[in-house]
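Visitor: Structure below; questions to follow.
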Amino acid sequence: MDKWLIKQLIFIVALLTGFIPVQLSAADDFKEPQVIASLQWGEVLFFHFSGDKMEALIRLYARESRNRLEPNQAQADLLAAGLLLDLGLALEAQKRLDAIGVDNLNIKLKSRLSIAMARVYFQGQDFNAAQHWLNLAEEQYLPTDELTSKKMMQAQIYFSTNQYDLAAKELENISNKGNLQYYALYNHGLSLLKFEDPSAQQRGRDLLLKISSMTPTGQEQFALIDQAKLALALNAINNGRPTEARTLLLNTRLDGLISNDALLLLGWSFAQTHQFEEALTYWKTLSLRNENLEPTVQESWLAVPYAYQELGDLKKAVEGYESALQQQLIAITQLDSMIENNWWRLVLTSDTSELGVNDSKSLVRQLIADASFYNLLENWKQLNALKVKLNSSLESLPIIAVVLEENELKYQSRSENINQMLVSNSAQNFENNYQSINEQFKQQKLKAVAEDILSPEDYGYWQQLQSAKNIIRNIPEEVGTEKIEKYRRLDGVAKWGFHRKHSANVFAVENSMEQLQRTISEMNNRLTRLKDLISNPRPQLLIDVQKVKQLVSKGKDVSEQLMSLQLELEEAMSTEFIRFANERKIALNDLAEQANLALARLRFKAISEELLNNE
């Protein structure tokens, strides 16, 4: 069978008998120097270290099914658990880990098992259980990658409990921490700003300043720097330092993720010093953006007429509040339409061309920023990637079946050809030829000169003597007496020489005959086996075809299960989107209420002034 087809078959067998591959990143758990005694275990590790985790897992399942991983089974269980965790399958990983006899493991493997169990509970969001297993892992027995994994999990557990200072401290000595330590510093700084203690607030500002002044190496760090500046600016405004806030906000990126927030806060920094004309510059810019469902843009709808009101232009203030009400109605209508038309489903595809222009990009950012919806979306994408890969693999099964049938037809055709060849080249013919040669050999041994067993050189010499003899016969004795005598002498010398070599030649021929007999006997045995193979039907084909049918059936079942899981996730995402949209509608209704109150105050003020003037 073609190697590609075999690989596909192995892939599907492994796929349908124990795991669901989903693309998630995690540190490798088995990168450490070691001597590999088992070729099968070495094969698994080769694909693992090559970065092909799925192929490594397939090889592991295949070799394990034939008990080829001893004495490395405990390590194989740990590796399989790590790979399954990388693929997002915490329950499957836990089954693996539960199967390991913990009492039979040494201290090192126990520590590594503790890390694997911690990862299982960490993925399940059971941080208490994860912390328990992390505490059981002794760091001196962990390789570098697993030690890093332990510290990263510990830091993320601290994140989840808002212990940002401990998270930052945990990350200090990790070389492969990426941007996580910067997030720890950022969150720690934000948490300190919430304290009433001035010294704690200053420490928070110092941490945020450290983030805001670092030299970025990528877009993620650029965004984090902007966030730190925004946090510092908001703190400055809340504490009556508008000039400091402006300096920070003017140094943020115009095309960054917080550009809307920066524009809004810049306006408030000027409003704080009663510079409403300058504030209008930023608020009007923000209000004109085609992002009706962006909260900062919605806030600017009220900020613009408020600035006009403070400047004494009541007409434009009224127009601004009325415009805010109109925009609010448009936004509410958009949200209702999105809910009715399941707009959120467009987020499931990478093509955003159908999302629209006015509101989609900002709403997508807001929706994905929602933790509940994001987790559901990621799980759906993982299942979808698996379903696509599974269906692609299932499509190869009919090809495998066709190849099996073609191989059987080729086998039958070749069997018929071999049968015909066996009939025309019977083993008895070889035996008869051997007997004929053997009889000829026996007769040769009785001759004075055994021509058929002479060496090629002697045989040539003897042929020359026979030719000379024929010539001499035609010469009269009285003419060729001397030549006849010379011939007789040569003939005698030749026969004497042949007689001396006779035993050696006979011995050599006898050995050759024995070897020929053995060869014929071996050939007879092979022909007999070949006849048996040809005459008996191959059961393997039926087994292979049955396996293909079983794989197709099981593959369809798995595909249906994936579809069912996706539908459940889609229902959950729909519920989350409705909740999300209703929260936005509540905020928009609050906005309308504030606009109506502002209009009522302005109208009351206008009526009051008119009455005073009439008096």
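Please note that chains go A, B, ... in the order of the structure tokens, that every chain numbers its residues from 1, and that ligands are numbered from 1 in the order shown.
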Neighbouring residues of Asp336 (chain A) were defined as those with any atom within 12 Å, considering only C-alpha atoms; residues of the same chain fewer than 6 positions away were excluded. Please report them as a PyMOL selection string.
Guide: chain A and resi 329-330+342-343+577-578+580-582+584-585
Visitor: Could you write out the selected residues, including N, CA, C and O atoms, as a PDB file, in the first residue's frame?
Guide:
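The result, stored in part08.pdb:
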```pdb
ATOM      1  N   LEU A 329     -31.066  56.386  18.697  1.00  0.00           N
ATOM      2  CA  LEU A 329     -32.122  55.592  18.073  1.00  0.00           C
ATOM      3  C   LEU A 329     -31.558  54.717  16.954  1.00  0.00           C
ATOM      4  O   LEU A 329     -31.940  53.548  16.814  1.00  0.00           O
ATOM      5  N   ILE A 330     -30.644  55.291  16.177  1.00  0.00           N
ATOM      6  CA  ILE A 330     -30.002  54.511  15.096  1.00  0.00           C
ATOM      7  C   ILE A 330     -29.215  53.336  15.683  1.00  0.00           C
ATOM      8  O   ILE A 330     -29.288  52.212  15.183  1.00  0.00           O
ATOM      9  N   ASN A 342     -28.879  37.536  13.693  1.00  0.00           N
ATOM     10  CA  ASN A 342     -27.715  36.755  14.156  1.00  0.00           C
ATOM     11  C   ASN A 342     -26.408  37.301  13.571  1.00  0.00           C
ATOM     12  O   ASN A 342     -25.572  36.554  13.057  1.00  0.00           O
ATOM     13  N   TRP A 343     -26.238  38.598  13.671  1.00  0.00           N
ATOM     14  CA  TRP A 343     -25.042  39.238  13.123  1.00  0.00           C
ATOM     15  C   TRP A 343     -23.761  38.633  13.673  1.00  0.00           C
ATOM     16  O   TRP A 343     -22.755  38.534  12.979  1.00  0.00           O
ATOM     17  N   PHE A 577     -24.108  37.004  23.086  1.00  0.00           N
ATOM     18  CA  PHE A 577     -24.215  38.199  22.253  1.00  0.00           C
ATOM     19  C   PHE A 577     -25.463  38.995  22.615  1.00  0.00           C
ATOM     20  O   PHE A 577     -25.424  40.238  22.680  1.00  0.00           O
ATOM     21  N   ILE A 578     -26.568  38.298  22.864  1.00  0.00           N
ATOM     22  CA  ILE A 578     -27.795  38.998  23.259  1.00  0.00           C
ATOM     23  C   ILE A 578     -27.571  39.732  24.579  1.00  0.00           C
ATOM     24  O   ILE A 578     -27.990  40.889  24.748  1.00  0.00           O
ATOM     25  N   PHE A 580     -24.688  40.775  25.707  1.00  0.00           N
ATOM     26  CA  PHE A 580     -23.776  41.868  25.378  1.00  0.00           C
ATOM     27  C   PHE A 580     -24.536  43.030  24.726  1.00  0.00           C
ATOM     28  O   PHE A 580     -24.360  44.198  25.099  1.00  0.00           O
ATOM     29  N   ALA A 581     -25.395  42.701  23.750  1.00  0.00           N
ATOM     30  CA  ALA A 581     -26.147  43.746  23.036  1.00  0.00           C
ATOM     31  C   ALA A 581     -27.117  44.452  23.982  1.00  0.00           C
ATOM     32  O   ALA A 581     -27.292  45.689  23.905  1.00  0.00           O
ATOM     33  N   ASN A 582     -27.748  43.692  24.880  1.00  0.00           N
ATOM     34  CA  ASN A 582     -28.690  44.319  25.830  1.00  0.00           C
ATOM     35  C   ASN A 582     -27.968  45.262  26.783  1.00  0.00           C
ATOM     36  O   ASN A 582     -28.515  46.306  27.169  1.00  0.00           O
ATOM     37  N   ARG A 584     -25.370  46.968  25.968  1.00  0.00           N
ATOM     38  CA  ARG A 584     -25.128  48.173  25.160  1.00  0.00           C
ATOM     39  C   ARG A 584     -26.413  48.988  25.013  1.00  0.00           C
ATOM     40  O   ARG A 584     -26.381  50.229  25.011  1.00  0.00           O
ATOM     41  N   LYS A 585     -27.533  48.313  24.900  1.00  0.00           N
ATOM     42  CA  LYS A 585     -28.820  49.019  24.779  1.00  0.00           C
ATOM     43  C   LYS A 585     -29.154  49.761  26.077  1.00  0.00           C
ATOM     44  O   LYS A 585     -29.679  50.886  26.053  1.00  0.00           O
TER      45      LYS A 585
END
```
Visitor: Would you mind listing what lies within 10 Å of Lys469 (chain A) as JSON, numbers by chain, with only C-alpha atoms counted and same-chain residues fewer than 3 positions away left out?
Guide: {"A": [463, 464, 465, 466, 472, 473, 474, 484, 487, 488, 491]}
Visitor: Take the selection from the previous step and output its residues with N, CA, C and O atoms, as a compact mmCIF listing (two decimals), in the first residue's frame.
Guide:
```txt
# COMPACT_ATOMS: atom_id res chain seq x y z
N GLN A 463 40.38 -31.30 -27.65
CA GLN A 463 39.73 -31.10 -28.93
C GLN A 463 40.76 -30.90 -30.05
O GLN A 463 40.57 -31.38 -31.18
N GLN A 464 41.83 -30.20 -29.73
CA GLN A 464 42.90 -30.02 -30.72
C GLN A 464 43.53 -31.38 -31.10
O GLN A 464 43.83 -31.64 -32.29
N LEU A 465 43.74 -32.23 -30.13
CA LEU A 465 44.30 -33.57 -30.39
C LEU A 465 43.36 -34.39 -31.26
O LEU A 465 43.79 -35.10 -32.19
N GLN A 466 42.04 -34.25 -31.00
CA GLN A 466 41.09 -35.00 -31.81
C GLN A 466 41.07 -34.49 -33.24
O GLN A 466 40.95 -35.28 -34.20
N ILE A 472 45.54 -36.88 -39.37
CA ILE A 472 46.58 -37.92 -39.52
C ILE A 472 46.01 -39.19 -40.13
O ILE A 472 46.69 -39.92 -40.87
N ARG A 473 44.75 -39.48 -39.86
CA ARG A 473 44.14 -40.69 -40.42
C ARG A 473 44.17 -40.70 -41.94
O ARG A 473 44.21 -41.76 -42.58
N ASN A 474 44.12 -39.54 -42.51
CA ASN A 474 44.10 -39.45 -43.97
C ASN A 474 45.51 -39.44 -44.58
O ASN A 474 45.65 -39.35 -45.80
N ILE A 484 52.66 -39.37 -37.21
CA ILE A 484 51.76 -40.27 -36.46
C ILE A 484 52.37 -40.62 -35.12
O ILE A 484 51.70 -40.66 -34.09
N TYR A 487 51.98 -37.75 -32.73
CA TYR A 487 50.60 -37.66 -32.24
C TYR A 487 50.36 -38.66 -31.13
O TYR A 487 49.74 -38.35 -30.12
N ARG A 488 50.85 -39.94 -31.39
CA ARG A 488 50.65 -40.98 -30.39
C ARG A 488 51.30 -40.60 -29.06
O ARG A 488 50.72 -40.84 -27.98
N ASP A 491 49.15 -37.90 -27.53
CA ASP A 491 47.92 -38.50 -27.05
C ASP A 491 48.15 -39.23 -25.74
O ASP A 491 47.35 -39.12 -24.79
```
Visitor: Take CA of Ala606 (chain A) and CA of Gln327 (chain A) and report the distance between them in Å, one decimal.
Guide: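 Separation between CA of Ala606 (chain A) and CA of Gln327 (chain A): 24.4 Å.
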Visitor: Within 12 Å of Thr519 (chain A), counting only C-alpha atoms, which residues show up once you throw out same-chain ones fewer than 5 positions away? Write them as a PyMOL selection string, please.
Guide: chain A and resi 427+430-431+434+512-514+524-526
Visitor: Can you tell me, as a PyMOL selection string, what residues are no more than 12 Å from Gln420 (chain A) when counting only C-alpha atoms, ignoring any on the same chain fewer than 6 positions away?
Guide: chain A and resi 413-414+426+531+534
